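Okay, structure.tsv is below, TSV, C-alpha atoms:
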chain	number	residue	atom	x	y	z
A	1	MET	CA	109.80	77.52	58.48
A	2	SER	CA	111.78	80.19	60.32
A	3	ARG	CA	110.69	83.81	60.35
A	4	LEU	CA	112.40	87.16	60.82
A	5	ILE	CA	109.99	89.83	62.00
A	6	ARG	CA	110.26	93.46	62.99
A	7	MET	CA	108.02	95.06	65.60
A	8	ASP	CA	106.77	98.30	64.11
A	9	HIS	CA	103.75	100.60	63.79
A	10	THR	CA	101.78	97.92	61.94
A	11	GLY	CA	102.01	95.47	64.83
A	12	HIS	CA	104.78	93.57	63.17
A	13	THR	CA	106.18	93.01	59.70
A	14	THR	CA	107.58	89.74	58.39
A	15	LEU	CA	110.92	90.54	56.75
A	16	ALA	CA	112.03	87.07	55.71
A	17	ARG	CA	111.12	83.39	55.84
A	18	TRP	CA	113.61	80.61	55.36
A	19	THR	CA	114.47	77.00	55.92
A	20	ALA	CA	117.98	75.86	56.70
A	21	ASP	CA	118.15	73.79	53.51
A	22	ASP	CA	117.36	76.74	51.24
A	23	PRO	CA	120.61	78.75	50.84
A	24	ARG	CA	119.02	81.55	48.80
A	25	ALA	CA	116.30	82.12	51.39
A	26	VAL	CA	118.89	82.03	54.16
A	27	GLU	CA	121.03	84.57	52.31
A	28	ALA	CA	118.05	86.87	51.84
A	29	ALA	CA	117.19	86.53	55.52
A	30	VAL	CA	120.77	87.34	56.56
A	31	ASP	CA	120.73	90.43	54.33
A	32	ALA	CA	117.42	91.57	55.82
A	33	PHE	CA	118.72	90.87	59.31
A	34	ARG	CA	121.88	92.95	58.78
A	35	ALA	CA	119.90	95.78	57.23
A	36	GLU	CA	117.75	96.00	60.36
A	37	LEU	CA	120.80	95.97	62.63
A	38	ASP	CA	122.21	98.83	60.56
A	39	ARG	CA	118.96	100.72	61.11
A	40	GLY	CA	119.48	100.50	64.86
A	41	TYR	CA	117.29	97.52	65.65
A	42	PHE	CA	118.35	94.80	68.07
A	43	ALA	CA	117.70	91.13	67.41
A	44	ILE	CA	116.34	88.76	69.96
A	45	VAL	CA	115.36	85.09	69.99
A	46	SER	CA	113.40	83.11	72.53
A	47	THR	CA	115.53	80.39	74.10
A	48	GLY	CA	112.91	78.69	76.24
A	49	GLU	CA	110.06	79.57	78.52
A	50	GLY	CA	110.66	83.02	79.96
A	51	GLN	CA	114.10	83.27	78.39
A	52	ALA	CA	115.46	85.20	75.44
A	53	GLU	CA	118.83	86.11	74.03
A	54	GLN	CA	120.24	89.07	72.14
A	55	VAL	CA	121.96	87.98	68.94
A	56	ARG	CA	124.29	89.75	66.49
A	57	GLU	CA	124.19	87.05	63.82
A	58	LEU	CA	121.07	85.48	62.37
A	59	PRO	CA	120.53	82.14	64.12
A	60	ILE	CA	119.58	79.97	61.15
A	61	GLY	CA	118.01	77.29	63.31
A	62	ALA	CA	115.73	79.62	65.29
A	63	ASP	CA	112.00	79.48	64.61
A	64	LEU	CA	111.45	83.16	65.22
A	65	VAL	CA	113.85	86.09	65.29
A	66	ILE	CA	112.40	89.39	66.44
A	67	MET	CA	113.85	92.81	65.72
A	68	ARG	CA	113.17	95.39	68.42
A	69	ARG	CA	113.95	99.03	68.97
A	70	PRO	CA	116.10	100.20	71.89
A	71	ILE	CA	114.36	100.76	75.20
A	72	ALA	CA	115.12	103.52	77.68
A	73	GLY	CA	114.11	104.67	81.11
A	74	GLY	CA	111.30	107.21	80.97
B	1	MET	CA	124.25	85.05	82.04
B	2	GLY	CA	123.62	85.72	78.36
B	3	GLN	CA	124.56	88.85	76.48
B	4	ALA	CA	123.95	92.06	78.42
B	5	LEU	CA	121.42	94.56	77.08
B	6	PRO	CA	123.07	96.99	74.63
B	7	GLU	CA	121.05	99.78	76.23
B	8	LEU	CA	123.27	99.54	79.32
B	9	ALA	CA	125.85	101.61	77.43
B	10	GLY	CA	123.49	104.56	77.75
B	11	VAL	CA	123.47	104.32	81.56
B	12	HIS	CA	127.10	103.24	82.08
B	13	TRP	CA	127.37	105.24	85.32
B	14	ARG	CA	124.69	103.14	87.03
B	15	PRO	CA	125.78	100.11	89.03
B	16	ARG	CA	124.17	96.95	87.69
B	17	ALA	CA	120.95	96.17	89.54
B	18	ASP	CA	120.64	92.94	91.47
B	19	ALA	CA	118.53	91.68	94.36
B	20	ARG	CA	120.83	93.20	96.97
B	21	ARG	CA	120.87	96.61	95.28
B	22	LEU	CA	117.11	96.57	94.89
B	23	ARG	CA	116.70	95.81	98.59
B	24	ARG	CA	119.04	98.68	99.39
B	25	SER	CA	117.15	101.03	97.06
B	26	GLY	CA	113.94	99.98	98.80
B	27	ALA	CA	115.41	100.72	102.20
B	28	LEU	CA	116.57	104.15	100.99
B	29	TRP	CA	113.10	104.90	99.66
B	30	THR	CA	111.60	104.01	103.04
B	31	LEU	CA	114.19	106.12	104.82
B	32	THR	CA	113.46	109.06	102.52
B	33	THR	CA	109.74	108.73	103.14
B	34	VAL	CA	110.28	108.67	106.88
B	35	ALA	CA	112.53	111.72	106.57
B	36	HIS	CA	109.72	113.56	104.77
B	37	VAL	CA	106.94	112.48	107.10
B	38	VAL	CA	108.47	112.64	110.57
B	39	PRO	CA	109.36	116.37	110.59
B	40	PHE	CA	105.85	117.37	109.49
B	41	VAL	CA	104.17	115.11	112.04
B	42	GLY	CA	106.61	116.13	114.75
B	43	ALA	CA	106.19	119.83	114.02
B	44	GLY	CA	102.40	119.51	114.03
B	45	ILE	CA	102.36	117.74	117.39
B	46	ALA	CA	104.94	120.08	118.91
B	47	LEU	CA	103.04	123.17	117.79
B	48	PHE	CA	99.80	121.84	119.22
B	49	ALA	CA	101.53	120.98	122.51
B	50	LEU	CA	103.04	124.45	122.77
B	51	GLU	CA	99.98	126.37	121.65
B	52	PRO	CA	96.71	124.58	120.87
B	53	LEU	CA	95.51	127.56	118.84
B	54	THR	CA	98.13	126.72	116.20
B	55	PHE	CA	96.22	123.56	115.32
B	56	PRO	CA	95.44	124.76	111.74
B	57	VAL	CA	99.20	124.95	111.07
B	58	GLY	CA	99.64	121.54	112.66
B	59	LEU	CA	96.89	120.12	110.47
B	60	MET	CA	98.66	121.50	107.42
B	61	GLY	CA	101.82	119.73	108.54
B	62	LEU	CA	99.93	116.46	108.96
B	63	ALA	CA	98.38	116.95	105.51
B	64	HIS	CA	101.87	117.31	104.06
B	65	ALA	CA	102.99	114.17	105.89
B	66	TRP	CA	100.10	112.29	104.29
B	67	LEU	CA	100.35	113.88	100.85
B	68	ILE	CA	104.05	113.39	100.11
B	69	PRO	CA	104.05	109.57	100.36
B	70	GLU	CA	100.79	109.50	98.40
B	71	LEU	CA	102.37	111.49	95.58
B	72	TYR	CA	105.32	109.09	95.49
B	73	ALA	CA	102.95	106.12	95.34
B	74	GLN	CA	100.98	107.81	92.58
B	75	ARG	CA	104.19	108.28	90.63
B	76	GLY	CA	104.85	104.58	91.03
B	77	ALA	CA	101.38	103.53	89.96
B	78	ASN	CA	101.64	105.73	86.87
B	79	VAL	CA	104.08	103.29	85.24
B	80	LEU	CA	101.16	100.90	84.72
B	81	ARG	CA	98.59	103.53	83.78
B	82	PRO	CA	97.29	103.13	80.20
B	83	ARG	CA	98.50	105.82	77.81
B	84	PRO	CA	96.55	107.15	74.84
B	85	THR	CA	97.76	105.53	71.64
B	86	THR	CA	97.70	106.65	68.04
B	87	ALA	CA	98.13	103.12	66.68
B	88	PRO	CA	95.19	101.91	64.58
B	89	ALA	CA	93.00	99.11	65.92
B	90	ALA	CA	94.34	96.61	63.37
B	91	ALA	CA	97.93	97.24	64.53
B	92	GLN	CA	96.86	96.93	68.16
B	93	GLN	CA	95.25	93.60	67.43
B	94	ARG	CA	98.23	92.36	65.43
B	95	SER	CA	100.67	93.33	68.16
B	96	ALA	CA	98.51	91.64	70.78
B	97	GLY	CA	98.65	88.50	68.67
B	98	LEU	CA	102.45	88.54	68.59
B	99	LEU	CA	102.59	89.20	72.32
B	100	GLY	CA	100.22	86.30	72.88
B	101	ASP	CA	102.64	84.04	71.04
B	102	LEU	CA	105.42	85.06	73.41
B	103	VAL	CA	103.63	84.24	76.66
B	104	GLY	CA	101.74	81.32	78.14
B	105	HIS	CA	98.01	80.89	78.45
B	106	GLU	CA	97.82	82.36	81.94
B	107	ALA	CA	99.71	85.54	81.02
B	108	ARG	CA	97.72	85.85	77.77
B	109	ALA	CA	94.43	85.74	79.67
B	110	LEU	CA	95.68	88.27	82.21
B	111	HIS	CA	96.77	90.60	79.42
B	112	ALA	CA	93.39	90.33	77.74
B	113	SER	CA	91.61	91.39	80.93
B	114	THR	CA	94.07	93.90	82.39
B	115	GLY	CA	96.39	95.03	79.58
B	116	LEU	CA	99.40	93.89	81.61
B	117	VAL	CA	101.67	90.87	81.33
B	118	LEU	CA	102.91	88.89	84.33
B	119	GLU	CA	106.45	87.56	84.02
B	120	ARG	CA	108.21	85.57	86.70
B	121	GLY	CA	111.87	86.48	87.05
B	122	ARG	CA	114.76	85.89	89.41
B	123	LEU	CA	114.31	89.31	91.05
B	124	GLY	CA	110.60	88.78	91.62
B	125	ALA	CA	107.32	88.84	89.72
B	126	TRP	CA	107.14	91.52	87.04
B	127	LEU	CA	104.05	93.23	85.71
B	128	VAL	CA	104.85	94.70	82.34
B	129	GLY	CA	102.78	97.42	80.70
B	130	PRO	CA	103.31	99.59	77.62
B	131	ALA	CA	105.16	102.32	79.54
B	132	GLY	CA	106.77	100.59	82.46
B	133	ALA	CA	107.13	97.60	84.67
B	134	LEU	CA	106.36	96.94	88.30
B	135	LEU	CA	108.43	94.39	90.19
B	136	VAL	CA	106.83	92.63	93.15
B	137	ALA	CA	109.76	91.60	95.31
B	138	PRO	CA	109.95	88.04	96.67
B	139	GLY	CA	107.66	87.82	99.69
B	140	ALA	CA	105.28	90.31	98.03
B	141	ARG	CA	105.52	93.04	100.66
B	142	ARG	CA	107.39	95.58	98.53
B	143	VAL	CA	107.01	96.73	94.94
B	144	HIS	CA	109.56	98.53	92.79
B	145	CYS	CA	108.02	100.66	90.02
B	146	HIS	CA	110.12	101.18	86.91
B	147	CYS	CA	109.48	103.68	84.16
B	148	ILE	CA	110.83	102.27	80.89
B	149	GLY	CA	109.65	102.13	77.32
B	150	VAL	CA	110.30	102.46	73.62
B	151	LYS	CA	110.65	105.93	72.11
B	152	GLU	CA	108.54	105.17	69.03
B	153	PRO	CA	105.39	107.27	68.90
B	154	ASP	CA	103.26	105.03	66.69
B	155	LEU	CA	104.05	101.65	68.19
B	156	PRO	CA	100.97	99.68	69.31
B	157	ASP	CA	100.69	98.68	72.98
B	158	GLY	CA	101.27	94.97	72.40
B	159	ASP	CA	104.60	95.71	70.73
B	160	ARG	CA	105.56	98.10	73.50
B	161	ILE	CA	105.01	95.35	76.04
B	162	ALA	CA	106.78	92.80	73.84
B	163	HIS	CA	109.82	95.09	73.60
B	164	LEU	CA	110.04	95.28	77.38
B	165	LEU	CA	109.25	91.62	77.91
B	166	LEU	CA	111.94	90.40	75.53
B	167	ALA	CA	114.54	92.75	76.99
B	168	LEU	CA	113.56	91.59	80.47
B	169	ARG	CA	113.93	87.97	79.48
B	170	ALA	CA	117.28	88.58	77.83
B	171	ASP	CA	118.84	90.39	80.78
B	172	GLU	CA	116.63	90.92	83.83
B	173	GLU	CA	119.22	92.76	85.90
B	174	GLY	CA	120.21	94.88	82.90
B	175	PHE	CA	116.54	95.71	82.38
B	176	ALA	CA	116.22	96.86	86.00
B	177	THR	CA	119.38	98.93	85.54
B	178	VAL	CA	118.21	100.70	82.39
B	179	ALA	CA	114.76	101.45	83.85
B	180	ASN	CA	114.20	104.49	86.04
B	181	LEU	CA	112.99	103.60	89.51
B	182	THR	CA	110.03	105.86	90.25
B	183	PHE	CA	108.88	104.34	93.51
B	184	SER	CA	109.71	101.58	95.93
B	185	GLY	CA	107.44	100.82	98.84
B	186	ALA	CA	104.53	98.87	100.23
B	187	ARG	CA	102.41	97.24	97.56
B	188	TRP	CA	99.13	98.35	99.18
B	189	ARG	CA	100.14	101.96	98.62
B	190	VAL	CA	100.48	101.38	94.90
B	191	ARG	CA	97.50	99.04	94.57
B	192	ARG	CA	94.92	101.60	95.62
B	193	ARG	CA	96.41	104.06	93.13
B	194	LEU	CA	96.17	101.67	90.20
B	195	PRO	CA	93.26	101.84	87.78
B	196	ALA	CA	90.67	99.26	88.88
B	197	PRO	CA	91.16	97.00	85.82
B	198	ALA	CA	94.89	96.69	86.62
B	199	ARG	CA	94.46	95.57	90.24
B	200	PRO	CA	93.80	91.89	89.47
B	201	ALA	CA	97.13	91.86	87.63
B	202	LEU	CA	98.91	93.14	90.72
B	203	ASP	CA	97.10	90.53	92.80
B	204	ALA	CA	98.32	87.84	90.42
B	205	ALA	CA	101.87	89.17	90.64
B	206	VAL	CA	101.63	89.19	94.42
B	207	GLY	CA	100.58	85.54	94.32
B	208	ALA	CA	103.55	84.73	92.11
B	209	ALA	CA	105.96	86.69	94.30
B	210	ARG	CA	104.75	84.98	97.47
B	211	ALA	CA	105.97	81.72	96.02
B	212	LEU	CA	109.47	83.21	95.92
B	213	THR	CA	111.51	83.52	99.07
B	214	PRO	CA	113.67	86.61	99.66
B	215	ALA	CA	116.70	84.36	100.00
B	216	ALA	CA	116.09	83.02	96.50
B	217	ALA	CA	116.64	86.43	94.94

Have the structure of the file written as structure tokens, please.
Amino acid sequence: MSRLIRMDHTGHTTLARWTADDPRAVEAAVDAFRAELDRGYFAIVSTGEGQAEQVRELPIGADLVIMRRPIAGG
Amino acid sequence: MGQALPELAGVHWRPRADARRLRRSGALWTLTTVAHVVPFVGAGIALFALEPLTFPVGLMGLAHAWLIPELYAQRGANVLRPRPTTAPAAAQQRSAGLLGDLVGHEARALHASTGLVLERGRLGAWLVGPAGALLVAPGARRVHCHCIGVKEPDLPDGDRIAHLLLALRADEEGFATVANLTFSGARWRVRRRLPAPARPALDAAVGAARALTPAAA
């Protein structure tokens, strides 16, 4: 089962779970994903060992999609 | 290359970092340090040669020559210094769990003992902490200290590291561009300024960077 999580003050929060063959769960995940983008979060998925990719659309086949806040030089 | 970090828009005036630019920044840092040190040392020696009774002034000059590079190195080491956190213990633990899922066994063990995550990249071996990242350049003689973080006051440390780690993995050169370079110089100068628990992490990063050749970057 795929998961959409947001890193936040609790450690992380699971926003949605879905499987590719469940259209209603996918739709709910897409809605949650877009809502987080609208809140200023960025989405990122691991694409292999030591590799990750920024995404603008929910990758339905990904195991884990993580929402992160912007980073900045201190 | 995948998609560039969106945060690059906030530093659009900066040229994109790469291995060549990092080497040049390192050389400029060394040049700047020499430019700070040489006049103080030279003035101290010249004063003593002209009039030995001026030795207290000369000693002050030598002290400046020693202190200025030390302050720079301290500034560099500060990027890996633990910061006080307001996150509750449960959130800290939960964030450490997520971070553990993102890294391998070796990095997970290192994080548990030092609070830092080792990540091998194309620019070198990175040590990532909650408030910054230190890059050990290939060959392991030089380190570049980067101040970078998430502006969220209540975020637990594991999430802070995960934010940086994921951004680093998505766009390493973009990450080095967004970060503020606080120091570049010899690794031994930073190592002795690090908190003792963090030193094994630097040693591990040095080992990883030694396996990289400068030409590979």

Check your understanding: Got a sec: who's within 12 Å of Arg199 of chain B, counting all atoms listed in the file, leaving out chain neighbours fewer than 3 positions off, as an NGL selection string?
Key -> :B and (77 or 80-81 or 110 or 113-116 or 127 or 187-196 or 202-206)

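Between atom CA of Ala29 of chain A and atom CA of Arg56 of chain A lies a distance of 13.5 Å.
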
Review point. So, counting only C-alpha atoms, which residue among A:Ala52, A:Ala62, A:Ala35, A:Ile44 is closest to Arg17 of chain A?
Key: A:Ala62

Env of segment 7-12 of chain A: 9 Å cut, atoms = all atoms listed in the file, seq-sep filter 6 positions within chain, self excluded. Answer as a PDB file with C-alpha atoms, keeping the file's coordinate frame.
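And here's part.pdb as it stands now:
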ATOM      1  CA  ILE A  66     112.400  89.390  66.440  1.00  0.00           C
ATOM      2  CA  MET A  67     113.850  92.810  65.720  1.00  0.00           C
ATOM      3  CA  ARG A  68     113.170  95.390  68.420  1.00  0.00           C
ATOM      4  CA  ARG A  69     113.950  99.030  68.970  1.00  0.00           C
TER       5      ARG A  69
ATOM      6  CA  ALA B  87      98.130 103.120  66.680  1.00  0.00           C
ATOM      7  CA  PRO B  88      95.190 101.910  64.580  1.00  0.00           C
ATOM      8  CA  ALA B  90      94.340  96.610  63.370  1.00  0.00           C
ATOM      9  CA  ALA B  91      97.930  97.240  64.530  1.00  0.00           C
ATOM     10  CA  GLN B  92      96.860  96.930  68.160  1.00  0.00           C
ATOM     11  CA  GLN B  93      95.250  93.600  67.430  1.00  0.00           C
ATOM     12  CA  ARG B  94      98.230  92.360  65.430  1.00  0.00           C
ATOM     13  CA  SER B  95     100.670  93.330  68.160  1.00  0.00           C
ATOM     14  CA  ALA B  96      98.510  91.640  70.780  1.00  0.00           C
ATOM     15  CA  GLY B  97      98.650  88.500  68.670  1.00  0.00           C
ATOM     16  CA  LEU B  98     102.450  88.540  68.590  1.00  0.00           C
ATOM     17  CA  GLU B 152     108.540 105.170  69.030  1.00  0.00           C
ATOM     18  CA  PRO B 153     105.390 107.270  68.900  1.00  0.00           C
ATOM     19  CA  ASP B 154     103.260 105.030  66.690  1.00  0.00           C
ATOM     20  CA  LEU B 155     104.050 101.650  68.190  1.00  0.00           C
ATOM     21  CA  PRO B 156     100.970  99.680  69.310  1.00  0.00           C
ATOM     22  CA  ASP B 157     100.690  98.680  72.980  1.00  0.00           C
ATOM     23  CA  GLY B 158     101.270  94.970  72.400  1.00  0.00           C
ATOM     24  CA  ASP B 159     104.600  95.710  70.730  1.00  0.00           C
ATOM     25  CA  ARG B 160     105.560  98.100  73.500  1.00  0.00           C
ATOM     26  CA  ALA B 162     106.780  92.800  73.840  1.00  0.00           C
ATOM     27  CA  HIS B 163     109.820  95.090  73.600  1.00  0.00           C
TER      28      HIS B 163
END

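For the pair atom CA of Gly139 of chain B and atom CA of Leu99 of chain B, the interatomic distance is 27.9 Å.
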
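In terms of minimum interatomic distance to Ala170 of chain B, A:Val55 ranks closest within A:Gly61, A:Val55, A:Tyr41, A:Pro70, counting all atoms listed in the file.
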
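One finds atom CA of Ala131 of chain B at 7.8 Å from atom CA of Ile161 of chain B.
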
Revision key, fill the gap. If you count all atoms listed in the file, the residue of B:Val143, B:Ala17, B:Val37, B:Ala133 closest to Val117 of chain B turns out to be B:Ala133

Practice item. Using all atoms listed in the file, pick whichever of B:Glu51, B:Asp18, B:Glu172, B:Glu106 has the shortest atom-to-atom distance to chain A. Key: B:Glu172

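When all atoms listed in the file are used to compute distances to Gly48 of chain A, the closest of the residues B:Gly104, B:Gly124, B:Pro130, B:Gly174 turns out to be B:Gly104.
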
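Taking all atoms listed in the file into account, the protein, DNA and RNA residues within 10 Å of (106.2, 86.3, 84.5) read Glu49 and Gly50 of chain A; Val103, Gly104, Glu106, Ala107, Val117, Leu118, Glu119, Arg120, Gly121, Arg122, Gly124, Ala125, Trp126, Leu127, Val128, Leu165, Leu168, Arg169, Ala204, Ala205, Ala208 and Ala209 of chain B.
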